[in-house]
>>> print(open('work-v2.txt').read())   # compact mmCIF, C-alpha atoms (C1' of nucleotides)
# COMPACT_ATOMS: atom_id res chain seq x y z
CA MET Q 1 -60.52 8.59 1.34
CA LYS Q 2 -58.07 8.37 4.19
CA SER Q 3 -58.02 6.02 7.10
CA GLU Q 4 -55.41 5.15 9.67
CA PRO Q 5 -54.80 1.42 9.23
CA GLN Q 6 -54.35 1.01 13.00
CA VAL Q 7 -57.95 2.17 13.27
CA TYR Q 8 -59.48 0.78 10.08
CA SER Q 9 -57.44 -0.74 7.28
CA ILE Q 10 -58.26 -2.08 3.86
CA GLU Q 11 -57.96 -5.58 5.31
CA ASP Q 12 -60.77 -4.71 7.71
CA LEU Q 13 -62.90 -3.58 4.78
CA LYS Q 14 -62.03 -6.69 2.81
CA GLN Q 15 -63.28 -8.84 5.67
CA GLU Q 16 -66.45 -6.82 6.21
CA ASN Q 17 -67.09 -6.30 2.49
CA THR Q 18 -69.00 -3.08 3.17
CA THR Q 19 -68.80 -0.39 5.82
CA ILE Q 20 -70.33 2.93 6.65
CA TRP Q 21 -67.56 5.51 6.41
CA ASP Q 22 -68.29 7.19 9.72
CA GLY Q 23 -66.29 9.51 11.93
CA VAL Q 24 -65.70 12.32 9.45
CA ARG Q 25 -66.08 15.56 11.42
CA ASN Q 26 -64.97 18.16 8.97
CA TYR Q 27 -67.50 20.10 6.94
CA GLN Q 28 -65.45 20.28 3.79
CA ALA Q 29 -64.84 16.55 3.85
CA ARG Q 30 -68.52 15.97 4.55
CA ASN Q 31 -69.45 18.08 1.54
CA TYR Q 32 -67.27 15.92 -0.67
CA LEU Q 33 -68.99 12.84 0.76
CA LYS Q 34 -72.29 14.45 -0.15
CA GLN Q 35 -71.28 14.81 -3.77
CA MET Q 36 -70.55 11.12 -4.18
CA GLN Q 37 -72.80 9.00 -6.35
CA ILE Q 38 -73.63 5.33 -6.19
CA GLY Q 39 -71.16 3.45 -8.36
CA ASP Q 40 -68.34 5.94 -7.86
CA ILE Q 41 -64.91 4.49 -7.25
CA ALA Q 42 -62.77 5.75 -4.37
CA PHE Q 43 -59.14 5.23 -3.50
CA PHE Q 44 -58.39 3.85 -0.05
CA TYR Q 45 -55.49 5.78 1.48
CA HIS Q 46 -53.56 4.61 4.53
CA SER Q 47 -52.49 7.63 6.55
CA ASN Q 48 -50.46 8.30 9.67
CA CYS Q 49 -48.66 4.97 9.54
CA LYS Q 50 -45.45 3.32 8.40
CA ASN Q 51 -46.46 2.66 4.80
CA ILE Q 52 -48.36 5.72 3.68
CA GLY Q 53 -50.16 5.71 0.37
CA ILE Q 54 -52.98 4.42 -1.78
CA ILE Q 55 -53.59 0.78 -1.01
CA GLY Q 56 -56.69 -0.11 -3.00
CA LEU Q 57 -60.11 0.63 -4.37
CA MET Q 58 -63.64 0.72 -3.08
CA LYS Q 59 -67.00 1.42 -4.54
CA ILE Q 60 -69.71 3.74 -3.24
CA VAL Q 61 -72.81 1.60 -2.76
CA GLU Q 62 -75.05 3.94 -0.76
CA THR Q 63 -75.20 7.71 -0.40
CA ASN Q 64 -76.67 10.07 2.19
CA VAL Q 65 -76.25 7.61 5.05
CA PHE Q 66 -76.62 8.98 8.58
CA ASP Q 67 -73.44 8.71 10.57
CA ARG Q 68 -74.94 7.02 13.63
CA THR Q 69 -71.87 7.73 15.78
CA GLN Q 70 -72.94 11.38 16.08
CA PHE Q 71 -75.85 10.27 18.31
CA ASP Q 72 -73.81 7.79 20.34
CA THR Q 73 -72.69 9.35 23.62
CA LYS Q 74 -70.10 6.60 24.02
CA SER Q 75 -68.53 7.22 20.64
CA PRO Q 76 -65.48 9.46 20.26
CA TYR Q 77 -67.39 10.94 17.32
CA PHE Q 78 -70.42 11.90 19.42
CA ASP Q 79 -71.71 15.36 18.53
CA GLU Q 80 -73.93 16.94 21.18
CA LYS Q 81 -75.26 19.45 18.69
CA ALA Q 82 -76.64 16.77 16.41
CA THR Q 83 -80.15 15.40 16.87
CA GLU Q 84 -82.16 12.73 15.08
CA ASN Q 85 -84.25 15.48 13.54
CA LYS Q 86 -81.31 17.66 12.72
CA PRO Q 87 -78.35 15.40 12.04
CA ARG Q 88 -75.13 17.17 11.11
CA TRP Q 89 -73.15 14.30 9.72
CA HIS Q 90 -73.98 11.97 6.90
CA THR Q 91 -71.68 9.84 4.86
CA VAL Q 92 -71.59 6.96 2.38
CA LYS Q 93 -71.47 3.19 2.48
CA VAL Q 94 -68.51 1.70 0.66
CA GLN Q 95 -67.76 -1.76 -0.63
CA PHE Q 96 -64.38 -3.42 -0.94
CA LYS Q 97 -63.25 -3.64 -4.53
CA GLU Q 98 -59.54 -4.31 -4.70
CA LYS Q 99 -56.37 -4.30 -2.65
CA PHE Q 100 -53.30 -3.38 -4.67
CA GLU Q 101 -50.46 -5.89 -4.72
CA GLU Q 102 -48.18 -3.04 -3.82
CA ILE Q 103 -49.06 0.18 -2.10
CA ILE Q 104 -48.62 3.31 -4.22
CA SER Q 105 -46.56 5.24 -1.72
CA LEU Q 106 -46.97 8.91 -0.96
CA ASN Q 107 -43.40 9.31 -2.16
CA THR Q 108 -44.29 7.87 -5.57
CA LEU Q 109 -47.42 9.99 -5.75
CA LYS Q 110 -45.34 13.08 -5.01
CA GLN Q 111 -42.97 12.20 -7.83
CA GLN Q 112 -45.80 11.65 -10.29
CA PHE Q 113 -48.26 14.39 -9.47
CA THR Q 114 -48.40 18.08 -8.65
CA GLU Q 115 -50.58 19.52 -5.91
CA GLU Q 116 -53.15 20.50 -8.52
CA GLU Q 117 -53.28 17.01 -9.99
CA LEU Q 118 -53.59 15.29 -6.63
CA LEU Q 119 -54.39 17.27 -3.50
CA VAL Q 120 -53.21 14.57 -1.15
CA VAL Q 121 -49.58 15.35 -2.02
CA LYS Q 122 -50.02 18.94 -0.87
CA LYS Q 123 -48.14 19.76 2.29
CA GLY Q 124 -50.37 20.45 5.24
CA ASN Q 125 -53.37 18.85 3.63
CA ARG Q 126 -55.55 17.40 6.37
CA LEU Q 127 -58.82 16.64 4.64
CA SER Q 128 -59.73 12.99 5.00
CA VAL Q 129 -61.94 13.00 1.91
CA ILE Q 130 -60.51 14.58 -1.21
CA PRO Q 131 -61.71 14.62 -4.80
CA VAL Q 132 -59.35 13.19 -7.43
CA PRO Q 133 -59.50 14.60 -10.97
CA GLU Q 134 -60.45 12.03 -13.60
CA ASN Q 135 -57.11 12.29 -15.43
CA THR Q 136 -55.18 11.67 -12.26
CA ALA Q 137 -57.46 8.81 -11.26
CA GLN Q 138 -56.85 7.07 -14.57
CA LYS Q 139 -53.08 7.42 -14.18
CA ILE Q 140 -53.19 6.00 -10.67
CA LEU Q 141 -55.21 3.04 -11.90
CA LEU Q 142 -52.57 2.38 -14.54
CA MET Q 143 -49.82 2.59 -11.93
CA SER Q 144 -51.63 0.07 -9.76
CA SER Q 145 -51.85 -2.56 -12.47
CA LYS Q 146 -48.14 -2.75 -13.14
C1' DG Z 1 -66.61 39.74 12.15
C1' DC Z 2 -61.96 39.43 14.05
C1' DC Z 3 -58.47 36.80 15.96
C1' DA Z 4 -55.94 34.49 19.85
C1' DA Z 5 -55.89 30.26 21.92
C1' DC Z 6 -56.46 25.73 21.52
C1' DG Z 7 -57.05 21.06 19.43
C1' DT Z 8 -56.17 17.84 15.68
C1' DT Z 9 -54.06 15.78 11.62
C1' DG Z 10 -50.51 13.50 9.66
C1' DG Z 11 -45.82 13.49 7.57
C1' DC Z 12 -41.31 13.00 9.11
C1' DG F 1 -42.10 12.40 19.62
C1' DC F 2 -41.96 16.73 17.05
C1' DC F 3 -44.17 20.26 14.82
C1' DA F 4 -46.25 22.63 10.62
C1' DA F 5 -50.50 23.44 8.95
C1' DC F 6 -54.48 23.60 9.38
C1' DG F 7 -59.82 23.91 11.62
C1' DT F 8 -62.67 25.27 15.53
C1' DT F 9 -64.04 27.82 19.53
C1' DG F 10 -65.32 31.67 21.98
C1' DG F 11 -64.46 36.30 23.92
C1' DC F 12 -64.82 40.80 22.44
>>> encode(input="work-v2.txt", output="structure tokens")
Amino acid sequence: MKSEPQVYSIEDLKQENTTIWDGVRNYQARNYLKQMQIGDIAFFYHSNCKNIGIIGLMKIVETNVFDRTQFDTKSPYFDEKATENKPRWHTVKVQFKEKFEEIISLNTLKQQFTEEELLVVKKGNRLSVIPVPENTAQKILLMSSK
DNA sequence: GCCAACGTTGGC
DNA sequence: GCCAACGTTGGC
């Protein structure tokens, strides 16, 4: 799950402990959010910044949460086509789990994994929520504990 | 349903 | 700041 650290970083999550992962406005990403289950582990990815890469772990603690920002006219994520009765955007609540001592940089990820193994290394990939195959996830966890 | 125009993401 | 690679919008 990607976030721009200038907007919301893993430090922010660490301080808050939990947060509703709102602001996703892409149907494919939303569908991946939908598939998540309570207890699932997600990687926190810092994007569009100086140190790009996977910075830590979080846990999914609630699923099918309404993204309230879609109803908020003052929010940049306001969606005029969404109503309380017919919301378009739901998401998950995540809990801070771990911040890696060292970021696993995009460069490292590119060296270790193919596009098939880890979609985030694919050029032009813009999805902010991406599934990670189990094999790949296990390898990344090993890399983080070095 | 096609596709040009436009807007956004995100690495570099 | 640039720009490739998308996704979305809207006219037709």
>>> interface_residues(input="work-v2.txt", of="chain F", to="chain Q", cutoff="9 Å", atoms="only C-alpha atoms (C1' of nucleotides)", output="list in words")
DA4, DA5, DC6 and DG7 of chain F
>>> write_last_selection(input="work-v2.txt", atoms="C-alpha atoms (C1' of nucleotides)", output="PDB file, keeping the file's coordinate frame")
ATOM      1  C1'  DA F   4     -46.250  22.630  10.620  1.00  0.00           C
ATOM      2  C1'  DA F   5     -50.500  23.440   8.950  1.00  0.00           C
ATOM      3  C1'  DC F   6     -54.480  23.600   9.380  1.00  0.00           C
ATOM      4  C1'  DG F   7     -59.820  23.910  11.620  1.00  0.00           C
TER       5       DG F   7
END
>>> closest_residue(input="work-v2.txt", among="Q:Asp67, Q:Val94, Q:Lys86, Q:Ser105", to="Gln37 (chain Q)", atoms="only C-alpha atoms")
Q:Val94
>>> atom_distance(input="work-v2.txt", atom1="CA of Val24 (chain Q)", atom2="CA of Ile10 (chain Q)")
17.1 Å
>>> axis_aligned_box(input="work-v2.txt", around="region 103-118 of chain Q", padding_each_side="3 Å", output="AutoDock Vina command-line options")
--center_x -48.3 --center_y 10.3 --center_z -5.6 --size_x 16.6 --size_y 26.3 --size_z 15.3
>>> residues_around(input="work-v2.txt", residues="Pro133 (chain Q)", least_positions_apart="6", cutoff="10 Å", atoms="all atoms listed in the file", output="ChimeraX atom specification")
/Q:116-119
>>> atom_distance(input="work-v2.txt", atom1="CA of Asp12 (chain Q)", atom2="CA of Lys93 (chain Q)")
14.3 Å
>>> residues_around(input="work-v2.txt", residues="Asp79 (chain Q)", least_positions_apart="3", cutoff="12 Å", atoms="all atoms listed in the file", output="VMD selection string")
chain Q and resid 23 to 25 67 to 76 82 to 84 86 to 89
>>> closest_residue(input="work-v2.txt", among="Q:Leu106, Q:Lys139, Q:Pro131, Q:Lys122", to="Ile52 (chain Q)", atoms="all atoms listed in the file")
Q:Leu106
>>> atom_distance(input="work-v2.txt", atom1="CA of Ile104 (chain Q)", atom2="CA of Phe43 (chain Q)")
10.7 Å
